[in-house]
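Colleague: Just upload.txt, nothing more (compact mmCIF, C-alpha atoms and all ligand atoms):
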```
# COMPACT_ATOMS: atom_id res chain seq x y z
CA MET A 506 1.20 -20.21 -16.36
CA PRO A 507 0.47 -16.75 -17.86
CA PRO A 508 -0.34 -13.91 -15.42
CA VAL A 509 -4.11 -13.81 -16.03
CA ASP A 510 -6.58 -11.56 -14.20
CA TRP A 511 -9.56 -13.92 -14.30
CA ALA A 512 -11.78 -11.59 -12.23
CA TYR A 513 -11.16 -8.78 -14.75
CA LEU A 514 -11.82 -11.07 -17.73
CA TRP A 515 -15.08 -12.35 -16.19
CA GLY A 516 -16.12 -8.77 -15.31
CA THR A 517 -17.63 -9.65 -11.94
CA LYS A 518 -19.67 -7.07 -9.97
CA GLY A 519 -20.31 -7.27 -6.25
CA GLU A 520 -22.60 -5.87 -3.55
CA SER A 521 -21.03 -2.40 -3.76
CA GLY A 522 -22.35 -2.10 -7.32
CA PHE A 523 -18.76 -1.96 -8.54
CA GLY A 524 -16.55 -4.75 -9.77
CA SER A 525 -13.40 -5.82 -11.52
CA ARG A 526 -14.08 -3.62 -14.55
CA SER A 527 -14.91 -0.45 -12.62
CA THR A 528 -12.30 2.27 -12.95
CA ALA A 529 -10.96 4.58 -10.25
CA GLN A 530 -12.97 7.38 -11.86
CA ASP A 531 -16.18 5.27 -11.77
CA VAL A 532 -15.91 4.51 -8.06
CA THR A 533 -15.22 8.15 -7.09
CA GLU A 534 -17.89 9.69 -9.34
CA GLY A 535 -19.70 12.44 -7.39
CA ILE A 536 -17.36 12.23 -4.36
CA ASP A 537 -16.09 15.63 -3.21
CA LEU A 538 -12.62 15.33 -1.69
CA SER A 539 -11.88 19.06 -1.57
CA SER A 540 -11.54 18.95 2.24
CA ARG A 541 -9.17 15.95 2.22
CA THR A 542 -5.39 15.65 2.20
CA ALA A 543 -3.93 12.35 1.03
CA ILE A 544 -0.42 10.91 0.89
CA VAL A 545 0.05 8.28 -1.82
CA THR A 546 3.36 6.37 -1.78
CA GLY A 547 4.69 4.95 -5.04
CA ALA A 548 2.74 7.47 -7.11
CA THR A 549 5.41 7.92 -9.79
CA SER A 550 3.92 5.11 -11.89
CA GLY A 551 1.27 2.42 -12.18
CA ILE A 552 -1.53 2.10 -9.64
CA GLY A 553 -0.15 4.86 -7.39
CA LEU A 554 0.03 7.50 -10.14
CA GLU A 555 -3.53 6.74 -11.26
CA THR A 556 -4.73 6.82 -7.62
CA ALA A 557 -3.07 10.22 -7.09
CA ARG A 558 -4.53 11.55 -10.37
CA VAL A 559 -8.08 10.48 -9.53
CA LEU A 560 -7.96 11.73 -5.92
CA ALA A 561 -6.68 15.09 -7.24
CA MET A 562 -9.43 15.10 -9.88
CA ARG A 563 -12.00 14.80 -7.03
CA GLY A 564 -10.45 17.81 -5.28
CA ALA A 565 -8.09 16.25 -2.73
CA HIS A 566 -4.75 17.81 -1.88
CA VAL A 567 -2.44 14.97 -2.89
CA VAL A 568 1.09 14.58 -1.58
CA ILE A 569 3.40 12.50 -3.77
CA PRO A 570 6.57 11.40 -2.01
CA ALA A 571 9.08 9.67 -4.29
CA ARG A 572 12.62 8.39 -4.10
CA THR A 573 13.81 11.50 -5.94
CA LEU A 574 12.22 14.92 -6.03
CA LYS A 575 12.62 14.85 -9.82
CA ALA A 576 10.44 11.72 -10.11
CA ALA A 577 7.84 13.26 -7.78
CA GLU A 578 7.82 16.49 -9.82
CA GLN A 579 7.38 14.50 -13.06
CA ALA A 580 4.34 12.75 -11.58
CA LYS A 581 2.98 16.11 -10.42
CA SER A 582 3.50 17.61 -13.93
CA ALA A 583 1.69 14.67 -15.52
CA ILE A 584 -1.33 15.32 -13.26
CA ILE A 585 -1.24 19.12 -13.59
CA SER A 586 -1.01 18.94 -17.40
CA GLU A 587 -4.42 17.23 -17.39
CA LEU A 588 -5.89 18.93 -14.29
CA PRO A 589 -4.43 22.47 -14.07
CA ASP A 590 -6.29 23.23 -10.80
CA ALA A 591 -5.12 20.06 -9.04
CA LYS A 592 -3.53 20.51 -5.61
CA VAL A 593 -0.41 18.36 -5.68
CA SER A 594 2.65 18.56 -3.42
CA THR A 595 5.85 16.56 -3.66
CA GLY A 596 8.47 15.22 -1.28
CA GLU A 597 11.44 12.89 -1.11
CA LEU A 598 10.95 9.45 0.45
CA ASP A 599 12.90 6.22 0.15
CA LEU A 600 10.94 3.53 1.97
CA GLY A 601 14.08 1.41 2.11
CA SER A 602 15.69 3.88 4.54
CA PHE A 603 14.40 4.68 8.03
CA ALA A 604 16.34 7.98 7.99
CA SER A 605 14.61 9.04 4.76
CA ILE A 606 11.18 8.14 6.21
CA ARG A 607 11.87 10.20 9.34
CA THR A 608 13.08 13.19 7.27
CA PHE A 609 9.99 13.07 5.04
CA VAL A 610 7.65 12.92 8.04
CA ASP A 611 9.49 15.78 9.80
CA GLU A 612 9.17 17.91 6.66
CA PHE A 613 5.50 17.05 6.23
CA LYS A 614 4.75 17.80 9.89
CA SER A 615 6.60 21.14 9.69
CA LEU A 616 3.91 22.27 7.21
CA ASN A 617 1.24 21.71 9.89
CA ALA A 618 -0.93 20.21 7.18
CA PRO A 619 -3.86 17.89 7.95
CA LEU A 620 -3.80 14.24 6.84
CA ASN A 621 -7.01 12.35 6.15
CA ILE A 622 -5.88 9.53 3.86
CA LEU A 623 -2.65 7.51 3.81
CA ILE A 624 -2.24 5.12 0.90
CA ASN A 625 0.65 2.69 1.42
CA ASN A 626 0.99 1.68 -2.21
CA ALA A 627 4.72 1.61 -3.11
CA GLY A 628 6.11 -1.85 -3.71
CA VAL A 629 8.86 -3.88 -5.31
CA ILE A 630 9.45 -7.41 -6.51
CA CYS A 631 13.15 -8.29 -6.29
CA ARG A 632 15.13 -10.98 -8.04
CA GLY A 633 17.65 -12.42 -5.58
CA LEU A 634 18.67 -11.14 -2.17
CA GLN A 635 18.94 -7.37 -1.83
CA LEU A 636 19.17 -5.48 1.44
CA SER A 637 17.81 -2.14 2.62
CA GLU A 638 19.87 0.55 4.35
CA GLU A 639 19.10 -1.17 7.67
CA LYS A 640 20.22 -4.54 6.25
CA MET A 641 16.75 -6.00 5.94
CA GLU A 642 15.61 -7.98 2.89
CA LEU A 643 14.47 -5.27 0.49
CA GLN A 644 10.92 -6.44 -0.32
CA PHE A 645 10.03 -6.83 3.37
CA ALA A 646 11.80 -3.52 4.09
CA ILE A 647 10.03 -1.43 1.43
CA ASN A 648 6.68 -3.19 1.15
CA HIS A 649 6.11 -3.69 4.89
CA LEU A 650 8.63 -2.17 7.32
CA GLY A 651 8.94 1.21 5.56
CA HIS A 652 5.16 1.61 5.45
CA PHE A 653 4.89 0.37 9.04
CA LEU A 654 7.24 3.15 10.20
CA LEU A 655 5.65 5.78 7.94
CA THR A 656 2.19 4.96 9.30
CA LYS A 657 3.39 4.95 12.90
CA LEU A 658 5.02 8.39 12.52
CA LEU A 659 2.00 9.93 10.76
CA LEU A 660 -0.66 8.47 13.06
CA ASP A 661 -0.77 11.40 15.51
CA THR A 662 -1.33 13.81 12.60
CA MET A 663 -4.13 11.60 11.26
CA ILE A 664 -5.78 11.31 14.68
CA ARG A 665 -5.56 15.09 15.21
CA THR A 666 -7.02 15.72 11.74
CA SER A 667 -9.91 13.33 12.30
CA GLU A 668 -10.69 14.97 15.65
CA GLU A 669 -10.52 18.51 14.27
CA THR A 670 -12.44 17.84 11.05
CA ARG A 671 -14.73 15.03 12.30
CA ILE A 672 -13.92 13.27 9.04
CA GLU A 673 -12.98 9.59 9.24
CA GLY A 674 -9.31 9.03 8.47
CA ARG A 675 -8.40 6.13 6.20
CA ILE A 676 -5.24 4.05 5.97
CA VAL A 677 -5.08 1.77 2.95
CA ASN A 678 -2.40 -0.91 2.43
CA ILE A 679 -1.97 -2.27 -1.08
CA SER A 680 -1.38 -5.98 -0.56
CA SER A 681 -1.76 -8.77 -3.13
CA LYS A 682 -3.58 -12.04 -3.59
CA ALA A 683 -0.07 -13.49 -3.61
CA HIS A 684 -0.22 -13.24 0.21
CA ALA A 685 -2.12 -16.55 0.18
CA ILE A 686 0.90 -18.44 -1.20
CA LEU A 687 2.16 -18.69 2.38
CA THR A 688 -0.04 -21.13 4.26
CA ASP A 689 2.14 -22.12 7.21
CA SER A 690 2.75 -19.65 10.02
CA THR A 691 6.15 -21.19 10.84
CA ASP A 692 7.30 -20.44 7.27
CA PHE A 693 6.23 -16.82 7.76
CA GLN A 694 7.79 -16.64 11.23
CA LYS A 695 11.05 -17.99 9.82
CA LEU A 696 10.98 -15.28 7.16
CA ASN A 697 10.40 -12.76 9.92
CA THR A 698 13.56 -13.49 11.79
CA GLU A 699 17.09 -12.52 10.93
CA ASN A 700 16.90 -15.22 8.19
CA ARG A 701 15.42 -12.54 6.00
CA MET A 702 18.78 -10.83 5.92
CA SER A 703 20.84 -13.74 4.65
CA ASN A 704 18.63 -16.13 2.68
CA TRP A 705 16.74 -15.62 -0.53
CA HIS A 706 13.43 -17.37 -1.05
CA PRO A 707 10.84 -16.93 -3.83
CA THR A 708 8.04 -16.52 -1.25
CA LEU A 709 9.58 -13.35 0.22
CA TYR A 710 7.38 -11.05 -1.90
CA ALA A 711 4.27 -13.02 -0.84
CA GLY A 712 5.44 -12.73 2.77
CA SER A 713 5.73 -8.94 2.48
CA LYS A 714 2.19 -8.77 1.07
CA LEU A 715 0.89 -11.01 3.88
CA ALA A 716 2.58 -8.54 6.25
CA ASN A 717 0.58 -5.69 4.61
CA ILE A 718 -2.67 -7.40 5.69
CA LEU A 719 -1.46 -8.43 9.16
CA HIS A 720 -0.33 -4.81 9.67
CA VAL A 721 -3.85 -3.42 9.14
CA LYS A 722 -5.41 -6.20 11.24
CA GLU A 723 -3.41 -5.22 14.35
CA LEU A 724 -3.47 -1.49 13.53
CA SER A 725 -7.24 -1.58 13.20
CA ARG A 726 -7.54 -3.39 16.54
CA GLN A 727 -5.40 -0.73 18.21
CA LEU A 728 -7.31 2.14 16.56
CA LYS A 729 -10.61 0.69 17.82
CA GLU A 730 -9.11 0.36 21.32
CA ARG A 731 -8.08 4.05 21.18
CA ARG A 732 -11.52 4.98 19.80
CA ALA A 733 -9.74 6.77 16.95
CA ASN A 734 -11.93 7.82 14.02
CA ILE A 735 -9.58 6.12 11.56
CA THR A 736 -9.97 2.89 9.62
CA ALA A 737 -7.22 0.64 8.24
CA ASN A 738 -7.86 -1.82 5.41
CA ALA A 739 -5.88 -3.86 2.88
CA LEU A 740 -6.60 -4.86 -0.69
CA HIS A 741 -5.57 -6.74 -3.81
CA PRO A 742 -5.65 -4.42 -6.86
CA GLY A 743 -5.91 -7.20 -9.47
CA VAL A 744 -3.20 -8.45 -11.81
CA VAL A 745 -2.36 -5.08 -13.27
CA HIS A 746 -0.16 -4.24 -16.24
CA THR A 747 2.44 -1.99 -14.53
CA GLN A 748 6.19 -1.80 -14.03
CA ILE A 749 6.08 -3.97 -10.88
CA PHE A 750 7.66 -6.83 -12.85
CA ARG A 751 10.62 -4.69 -14.00
CA ASN A 752 13.23 -6.49 -11.85
CA LEU A 753 12.35 -9.96 -13.13
CA ARG A 754 14.47 -11.68 -15.80
CA PRO A 755 14.15 -10.02 -19.26
CA ALA A 756 12.66 -13.24 -20.70
CA ILE A 757 9.93 -13.23 -18.03
CA GLN A 758 9.29 -9.52 -18.65
CA SER A 759 8.84 -10.17 -22.40
CA TYR A 760 6.46 -13.02 -21.59
CA ILE A 761 4.48 -10.72 -19.25
CA SER A 762 4.25 -8.05 -21.99
CA ILE A 763 2.81 -10.63 -24.37
CA CYS A 764 0.25 -11.61 -21.69
CA SER A 765 -0.65 -7.98 -20.94
CA LEU A 766 -4.05 -8.29 -22.69
CA LEU A 767 -5.01 -10.83 -20.03
CA MET A 768 -4.16 -8.35 -17.28
CA ARG A 769 -6.09 -5.45 -15.75
CA PRO A 770 -5.42 -1.99 -17.19
CA VAL A 771 -4.19 0.64 -14.71
CA PRO A 772 -7.48 2.69 -14.51
CA GLN A 773 -9.25 -0.48 -13.29
CA GLY A 774 -6.17 -1.44 -11.23
CA ALA A 775 -6.53 1.73 -9.10
CA ALA A 776 -10.29 1.30 -8.56
CA THR A 777 -10.25 -0.78 -5.36
CA THR A 778 -7.70 1.58 -3.78
CA CYS A 779 -9.83 4.65 -4.57
CA TYR A 780 -13.00 2.85 -3.44
CA VAL A 781 -11.55 1.83 -0.07
CA ALA A 782 -9.92 5.25 0.44
CA THR A 783 -12.96 7.39 -0.35
CA HIS A 784 -16.33 5.67 -0.67
CA SER A 785 -19.06 6.18 1.95
CA ARG A 786 -19.98 2.47 1.79
CA VAL A 787 -16.67 1.79 3.52
CA ASN A 788 -17.44 4.18 6.45
CA GLY A 789 -16.53 2.54 9.76
CA ILE A 790 -15.25 -0.66 8.11
CA SER A 791 -11.79 -1.50 9.40
CA GLY A 792 -9.34 -4.40 9.50
CA ARG A 793 -10.81 -5.91 6.35
CA TYR A 794 -9.51 -7.05 2.96
CA PHE A 795 -10.94 -5.98 -0.42
CA GLU A 796 -10.79 -7.14 -4.02
CA ASP A 797 -12.63 -5.79 -7.07
CA CYS A 798 -14.13 -2.90 -5.03
CA ASN A 799 -15.82 -5.29 -2.60
CA GLU A 800 -14.96 -6.93 0.69
CA ALA A 801 -13.29 -10.29 0.10
CA THR A 802 -11.82 -13.18 2.03
CA CYS A 803 -8.12 -13.23 2.74
CA SER A 804 -6.17 -16.34 3.68
CA PRO A 805 -6.57 -17.93 7.15
CA LEU A 806 -2.98 -16.88 7.95
CA ALA A 807 -3.82 -13.24 7.13
CA ASN A 808 -6.66 -13.48 9.69
CA ASP A 809 -4.40 -14.83 12.42
CA MET A 810 -4.49 -12.07 15.07
CA ALA A 811 -1.72 -13.68 17.14
CA LEU A 812 0.53 -13.64 14.08
CA ALA A 813 -0.46 -10.01 13.42
CA LYS A 814 0.58 -9.06 16.96
CA GLU A 815 3.81 -11.01 16.61
CA LEU A 816 4.64 -9.20 13.35
CA TRP A 817 3.82 -5.87 14.99
CA ASN A 818 6.18 -6.58 17.89
CA PHE A 819 8.92 -7.78 15.55
CA SER A 820 8.57 -4.67 13.35
CA GLU A 821 8.68 -2.34 16.36
CA SER A 822 11.68 -3.99 17.93
CA PHE A 823 13.59 -4.12 14.62
CA ILE A 824 13.01 -0.39 14.07
CA GLU A 825 13.86 0.39 17.69
CA ALA A 826 17.11 -1.61 17.51
CA ARG A 827 18.20 0.15 14.29
CA ASN A 828 17.34 3.50 15.86
CA LYS A 829 19.88 2.89 18.60
CA ASN A 830 22.71 2.00 16.17
N1 LIG A 901 0.67 -4.79 -10.68
C1 LIG A 901 0.12 -5.86 -10.11
O1 LIG A 901 -0.30 -6.81 -10.77
C2 LIG A 901 -0.01 -5.91 -8.61
C3 LIG A 901 -0.70 -6.99 -8.06
C4 LIG A 901 -0.84 -7.06 -6.68
C5 LIG A 901 -0.31 -6.05 -5.89
N2 LIG A 901 0.36 -5.02 -6.47
C6 LIG A 901 0.90 -3.98 -5.58
O2 LIG A 901 0.49 -2.70 -6.05
C7 LIG A 901 1.42 -1.73 -5.59
C8 LIG A 901 1.74 -0.76 -6.70
O3 LIG A 901 2.50 -1.43 -7.67
P1 LIG A 901 2.38 -1.18 -9.25
O4 LIG A 901 1.87 -2.43 -9.83
O5 LIG A 901 1.71 0.10 -9.54
O6 LIG A 901 3.95 -1.12 -9.63
P2 LIG A 901 4.90 0.07 -10.13
O7 LIG A 901 4.36 0.73 -11.33
O8 LIG A 901 6.25 -0.59 -10.22
O9 LIG A 901 4.89 1.10 -8.92
C9 LIG A 901 5.64 0.89 -7.76
C10 LIG A 901 5.89 2.23 -7.11
O10 LIG A 901 6.61 2.00 -5.89
C11 LIG A 901 7.69 2.92 -5.84
N3 LIG A 901 8.80 2.47 -5.03
C12 LIG A 901 9.58 1.36 -5.22
N4 LIG A 901 10.56 1.33 -4.30
C13 LIG A 901 10.40 2.42 -3.52
C14 LIG A 901 11.11 2.94 -2.41
N5 LIG A 901 12.22 2.34 -1.92
N6 LIG A 901 10.69 4.09 -1.84
C15 LIG A 901 9.60 4.74 -2.32
N7 LIG A 901 8.89 4.30 -3.39
C16 LIG A 901 9.29 3.15 -3.97
C17 LIG A 901 8.10 3.06 -7.29
O11 LIG A 901 8.91 4.20 -7.42
P3 LIG A 901 10.23 4.20 -8.39
O12 LIG A 901 9.71 4.62 -9.71
O13 LIG A 901 11.15 5.17 -7.74
O14 LIG A 901 10.77 2.81 -8.40
C18 LIG A 901 6.75 3.17 -7.96
O15 LIG A 901 6.26 4.49 -7.85
C19 LIG A 901 2.60 -2.49 -5.02
O16 LIG A 901 2.53 -2.50 -3.62
C20 LIG A 901 2.41 -3.90 -5.56
O17 LIG A 901 2.97 -4.88 -4.70
C21 LIG A 901 0.52 -4.92 -7.80
```
As C-alpha cells, how would this structure be written, given the file I've shared?
Modeller:
Amino acid sequence: MPPVDWAYLWGTKGESGFGSRSTAQDVTEGIDLSSRTAIVTGATSGIGLETARVLAMRGAHVVIPARTLKAAEQAKSAIISELPDAKVSTGELDLGSFASIRTFVDEFKSLNAPLNILINNAGVICRGLQLSEEKMELQFAINHLGHFLLTKLLLDTMIRTSEETRIEGRIVNISSKAHAILTDSTDFQKLNTENRMSNWHPTLYAGSKLANILHVKELSRQLKERRANITANALHPGVVHTQIFRNLRPAIQSYISICSLLMRPVPQGAATTCYVATHSRVNGISGRYFEDCNEATCSPLANDMALAKELWNFSESFIEARNKN
C-alpha cells in the first residue's frame, strides 16, 4: 500500500477556513508574533524547519535546539539567508538523553528568556530495537519521554511568561494518525512496561505517537486545574515527504520516494502545527487533536483519560528512577 495523503489529494477545507492544502504561511498570514518566543524541537529538517522558518517570518524569536550545535546553526543559516532580520537562537539537545535535556533547559533558563510556545516536533522511526541513554526503546524515548521531560522542565517558565505577558502559552505535540493503529489498551500498557526495553514490535512508533496525544490530554487537565493560561494540543501533520523514513530499509525508502507525489509537501505539512501554535481561533482550546488545520477525532484509546494518567505516572516514575541512578 503506497503512503498516500488522501486528505491532501482531495484538498479538503474545514470550519477554520483552512484545509489540507493550506500552507504554514497561509495560516499565519497577518499574525504578528513579534512578542513571542518559541522553541521548536527537530527543526533541522522537514516539518520542524518549515515551522521555525514561518514563525520567524511572522516575527517570533525562535529557538532551535538540535542534536549538534552545527546542525542547529545550519538550520539558523538557512532561515537567516532568506529572512535576514529573523530572530533565531540555537542550542544543543538530544531528546534521547535526560542529561542533555536538563543541560539544554538549564542553559535556556540562564538566559531568563520568556517562553510562549513549545513545539514538540522531533521524531524518529526506528528499524529494530534501539535503546536511549536511559535504556528505553528509542522511539518511545525520543518521541514521548524526551518531550515529556522537556515540557515538564520548561512549564514554570511558560507559566511565568503567560502571567507576565497575559499572552496564552501554547504547547503543541506533533503526533500522527498512526496512533490509531493501537486499539487495545492492554497492548499499549504492555508496551509501556519494561517490555519496551527488550522486545521489538512494529507498533512501537504508533505507540509513541499515541503517547503524544495522551500526554497533552493529561497535561491539559492539569493546566486547567492550575488555572494556567496555557493550552496543550496534539496533531497529525499529514503524510509529509520528509526524512522521517530515513531509517527504513533502502528498498522501502526508494518506494517512498517514488510515491512522494502522493504525499503532502513540507509547506503544507507544517500548516497544522503553525495553525495550532498561533491562530486566534485556537484560543482557549486545549486537550484536543487536530488534522488539516481543523479539530479532528482521535482514536477512542487516545481519549482514554485513565490511560493518559497511567502513562503520565509511568513517565514520571521512569524519569525519577533514572535520576537516582
Ligand atoms: N512526515 C510524515 O509523514 C509524518 C507523519 C506523521 C507524523 N510525523 C511527525 O512529524 C514530526 C516531524 O517529522 P518530519 O516528518 O519532519 O521528519 P524529519 O525531517 O526526519 O525531522 C525529524 C527531526 O527530529 C530530529 N530528531 C531526531 N532524533 C532526535 C533527538 N534524539 N534529539 C533531538 N532531535 C531529534 C531530527 O534531527 P536530526 O537531523 O538530528 O536527526 C529532525 O530535525 C515527527 O514527530 C514525526 O513523527 C511525520
Colleague: List as CSV every residue of segment 736-825 of chain A that is in contact with segment 611-629 of chain A, defined as an atom at most 9 Å from one of its atoms (using only C-alpha atoms), together with the nearest atom pair and the distance in Å rounded to one decimal, sorted by chain and then rising number.
Modeller:
```
residue,atom,partner,partner_atom,distance
A:Ile749,CA,A:Val629,CA,6.2
A:Phe750,CA,A:Val629,CA,8.2
A:Arg751,CA,A:Val629,CA,8.9
A:Asn752,CA,A:Val629,CA,8.3
A:Thr778,CA,A:Ile624,CA,8.0
A:Ala782,CA,A:Ile622,CA,6.8
A:Thr783,CA,A:Ile622,CA,8.5
```
Colleague: Using only C-alpha atoms and all ligand atoms, what are the residues with an atom within 6 Å of ligand LIG 901 (chain A), set out as a count of residues only?
Modeller: 30
Colleague: Given the point (-13.8, 20.8, -8.0) in the coordinates of this file, which residues lie within 7 Å, counting only C-alpha atoms, and how would they look as a ChimeraX atom specification?
Modeller: /A:539,563-564
Colleague: Would you export the selected residues with C-alpha atoms as a compact mmCIF listing (two decimals), in the coordinates of the input, please?
Modeller:
```
# COMPACT_ATOMS: atom_id res chain seq x y z
CA SER A 539 -11.88 19.06 -1.57
CA ARG A 563 -12.00 14.80 -7.03
CA GLY A 564 -10.45 17.81 -5.28
```
Colleague: Figure out the distance between atom CA of Ser820 of chain A and atom CA of Leu728 of chain A, please, to one decimal in Å.
Modeller: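 Atom-to-atom, atom CA of Leu728 of chain A to atom CA of Ser820 of chain A, that is 17.6 Å.
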Colleague: Between A:Lys581, A:Arg726, A:His649, A:Lys682, which residue has the minimum interatomic distance to Glu555 of chain A, considering all atoms listed in the file?
Modeller: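 Smallest separation from Glu555 of chain A among the options: A:Lys581.
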Colleague: Just how far from atom CA of Gly516 of chain A is atom CA of Ile757 of chain A, in Å to one decimal?
Modeller: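 Pair atom CA of Ile757 of chain A / atom CA of Gly516 of chain A returns 26.6 Å.
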Colleague: Expressed in Å to a single decimal, how great is the separation between atom CA of Arg786 of chain A and atom CA of Ile544 of chain A?
Modeller: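 Straight-line distance from atom CA of Arg786 of chain A to atom CA of Ile544 of chain A works out to 21.3 Å.
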Colleague: Can you list, as a list in words, every protein, DNA or RNA residue that comes within 6 Å of Arg675 of chain A when you count all atoms listed in the file, leaving out same-chain residues fewer than 3 positions away?
Modeller: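 Residues near the query, excluding close chain neighbours: Ile622, Ile735, Thr736 and Ala737 of chain A.
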Colleague: List every protein, DNA or RNA residue that has at least one atom no more than 12 Å from (-17.8, 13.6, -7.6) in the file's coordinates, counting only C-alpha atoms, and write the result as a PyMOL selection string.
Modeller: chain A and resi 529-539+559-565+783-784
Colleague: With distances taken over only C-alpha atoms, which residue among A:Leu812, A:Ile585, A:Leu655, A:Ile790 lies nearest Lys729 of chain A?
Modeller: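 Result for the nearest residue to Lys729 of chain A: A:Ile790.
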Colleague: Can you work out which one of A:Ala775, A:Gln727, A:Ser713, A:Ser762 has the shortest atom-to-atom distance to Cys798 of chain A, counting only C-alpha atoms?
Modeller: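 Under the stated criterion, the closest residue is A:Ala775.
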Colleague: Let me make sure I understand: among A:Phe603, A:Leu660, A:Leu687, A:Thr670, which one has the smallest atom-to-atom distance to Ser637 of chain A if we use all atoms listed in the file?
Modeller: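 Result for the nearest residue to Ser637 of chain A: A:Phe603.
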Colleague: Between A:Leu650, A:Met810, A:Cys803, A:Ala557, single out the one closest to Cys779 of chain A, counting only C-alpha atoms.
Modeller: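 Using only C-alpha atoms, the shortest distance to Cys779 of chain A belongs to A:Ala557.
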